[in-house]
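This report refers to the structure that appears directly beneath it.
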Amino acid sequence: MKNARMLLIVVWVTGVGHLALGDDLSDRKKEQQQKRNQLHSAVQKICPVSGERLGEHGKPVKVAVGKDKEEIFLCCKACLKQKIDPKHWATMHANIAKAQRICPVMKKPLPKKSQWTIVQGQIVYVCCPPCIKKIAAAPQAYLPKVDELYTASLQPKNSRQ
């Protein structure tokens, strides 16, 4: 009887521990996603609808656009009802390419007319078509590298040396 009670206690504690650990992991994932969203909106800089700087109208609104579900940020909920301005779209993409500046596969500077792809909603610039295939085959290996490049681009120039 003692052994059965002890076993029941161990199983109960272990189960509760897994639930608590699961909650911690969920909270950590949410926190990581929030940091990633902040990073991506900082790199994007402007709203592709209004051209306004992100953050000037409150917290940017994350949306998925197009058939590839490209994740971008708008400056406010009012922009959800508007059309994307091609000029602002081009500026937004130029901001992202400038922040990335290096192909995550070949680790070479991006050419002036670099290509891009959408991987898990994220815009990724590459130096050549074969790199698109490599990223699509192993996104978990390359997306964190792109985020590292974004982070480095946001640091003051004198601290990047």
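Chain labels run A, B, ... following the order of the structure tokens; each chain numbers its residues from 1, and ligands are numbered from 1 in the order shown.
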Practice prompt. Identify, on the basis of only C-alpha atoms, every residue whose closest approach to stretch 83-98 of chain A does not exceed 6 Å; exclude the query and any residue fewer than 3 positions from it along the same chain; express the result as number ranges by chain.
Written response: A: 43-44, 48-49, 51, 101
Can I get the selected residues back with N, CA and C atoms, as a JSON list (two decimals), in the first residue's frame?
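Wrote it out as out-v2.json, contents follow:
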```
[["chain", "number", "residue", "atom", "x", "y", "z"],
["A", 43, "VAL", "N", 13.26, 46.31, -38.81],
["A", 43, "VAL", "CA", 13.98, 46.20, -40.08],
["A", 43, "VAL", "C", 13.12, 46.71, -41.23],
["A", 44, "GLN", "N", 11.85, 46.39, -41.22],
["A", 44, "GLN", "CA", 10.93, 46.82, -42.29],
["A", 44, "GLN", "C", 10.81, 48.34, -42.31],
["A", 48, "PRO", "N", 3.77, 49.53, -45.65],
["A", 48, "PRO", "CA", 3.68, 49.49, -47.11],
["A", 48, "PRO", "C", 2.39, 50.11, -47.66],
["A", 49, "VAL", "N", 1.48, 50.48, -46.79],
["A", 49, "VAL", "CA", 0.24, 51.13, -47.22],
["A", 49, "VAL", "C", 0.40, 52.64, -47.14],
["A", 51, "GLY", "N", 3.20, 54.40, -45.83],
["A", 51, "GLY", "CA", 4.56, 54.93, -45.89],
["A", 51, "GLY", "C", 5.03, 55.50, -44.56],
["A", 101, "ARG", "N", 21.65, 42.29, -46.02],
["A", 101, "ARG", "CA", 22.89, 42.61, -46.73],
["A", 101, "ARG", "C", 23.80, 41.44, -47.13]]
```
Fill in: Nearby residues (only C-alpha atoms) at most 7 Å from stretch 59-61 of chain A, same-chain spacing under 5 positions excluded, as JSON, numbers by chain
{"A": [54, 73, 74, 75, 76, 77]}
When you look at A:Tyr142 with a cut-off of 12 Å (counting only C-alpha atoms), what residues show up, excluding the ones that are within fewer than 2 positions of it in the same chain? I need them as a PDB file with C-alpha atoms, in the first residue's frame.
```
ATOM      1  CA  ILE A 102      24.419  39.094 -46.865  1.00  0.00           C
ATOM      2  CA  CYS A 103      23.163  35.861 -48.409  1.00  0.00           C
ATOM      3  CA  PRO A 104      22.575  33.490 -45.473  1.00  0.00           C
ATOM      4  CA  VAL A 105      23.675  30.493 -47.565  1.00  0.00           C
ATOM      5  CA  MET A 106      26.819  31.697 -49.344  1.00  0.00           C
ATOM      6  CA  LYS A 107      27.683  34.364 -46.743  1.00  0.00           C
ATOM      7  CA  VAL A 119      10.180  31.019 -46.159  1.00  0.00           C
ATOM      8  CA  GLN A 120       7.717  30.345 -43.352  1.00  0.00           C
ATOM      9  CA  GLN A 122       9.660  35.538 -43.760  1.00  0.00           C
ATOM     10  CA  ILE A 123      11.254  37.472 -46.612  1.00  0.00           C
ATOM     11  CA  VAL A 124      14.761  36.156 -47.295  1.00  0.00           C
ATOM     12  CA  TYR A 125      17.132  37.657 -49.836  1.00  0.00           C
ATOM     13  CA  VAL A 126      19.662  35.455 -51.615  1.00  0.00           C
ATOM     14  CA  CYS A 131      20.294  29.384 -52.557  1.00  0.00           C
ATOM     15  CA  ILE A 132      16.490  29.593 -52.656  1.00  0.00           C
ATOM     16  CA  LYS A 133      16.347  25.809 -52.934  1.00  0.00           C
ATOM     17  CA  LYS A 134      18.825  25.336 -50.080  1.00  0.00           C
ATOM     18  CA  ILE A 135      16.841  27.612 -47.763  1.00  0.00           C
ATOM     19  CA  ALA A 136      13.561  25.898 -48.678  1.00  0.00           C
ATOM     20  CA  ALA A 137      15.126  22.529 -47.849  1.00  0.00           C
ATOM     21  CA  ALA A 138      16.462  23.596 -44.433  1.00  0.00           C
ATOM     22  CA  PRO A 139      14.747  26.795 -43.217  1.00  0.00           C
ATOM     23  CA  GLN A 140      15.616  26.096 -39.560  1.00  0.00           C
ATOM     24  CA  PRO A 144      18.078  32.318 -37.463  1.00  0.00           C
ATOM     25  CA  LYS A 145      21.064  33.537 -39.514  1.00  0.00           C
ATOM     26  CA  VAL A 146      18.846  36.099 -41.215  1.00  0.00           C
ATOM     27  CA  ASP A 147      17.612  37.289 -37.810  1.00  0.00           C
ATOM     28  CA  GLU A 148      21.243  37.618 -36.663  1.00  0.00           C
ATOM     29  CA  LEU A 149      21.967  39.775 -39.714  1.00  0.00           C
TER      30      LEU A 149
END
```
Item to complete: Based on DSSP run over this structure's backbone, return all residues of stretch 10-119 of chain A in helix (DSSP H, G or I), as a count of residues only.
Response: 55
Discussion item. Among chain A, which ones does DSSP assign to strand (DSSP E or B) (computed from the backbone)? Answer as a ChimeraX atom specification.
Written reply: /A:46,53,61-65,70-74,102,109,115-119,122-126
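Each of A:Ile118, A:Pro156, A:Glu31, A:Glu56 was checked against A:Ile72 using only C-alpha atoms; the smallest atom-to-atom distance is that of A:Ile118.
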Worksheet item: Near A:Asn37, within 9 Å and counting only C-alpha atoms, which residues show up once chain neighbours fewer than 5 positions away are dropped, as a list of chain:residue names?
Response: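 So, after excluding close chain neighbours, the residues are A:Gln32, A:Ala42, A:Lys62, A:Phe73.
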Worksheet item: Given the choices A:Cys128, A:Leu143, A:Leu110, A:Cys47, which gets closest to A:Leu80 if the distance is worked out from only C-alpha atoms?
Response: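 Of the candidates, the smallest distance to A:Leu80 is held by A:Cys47.
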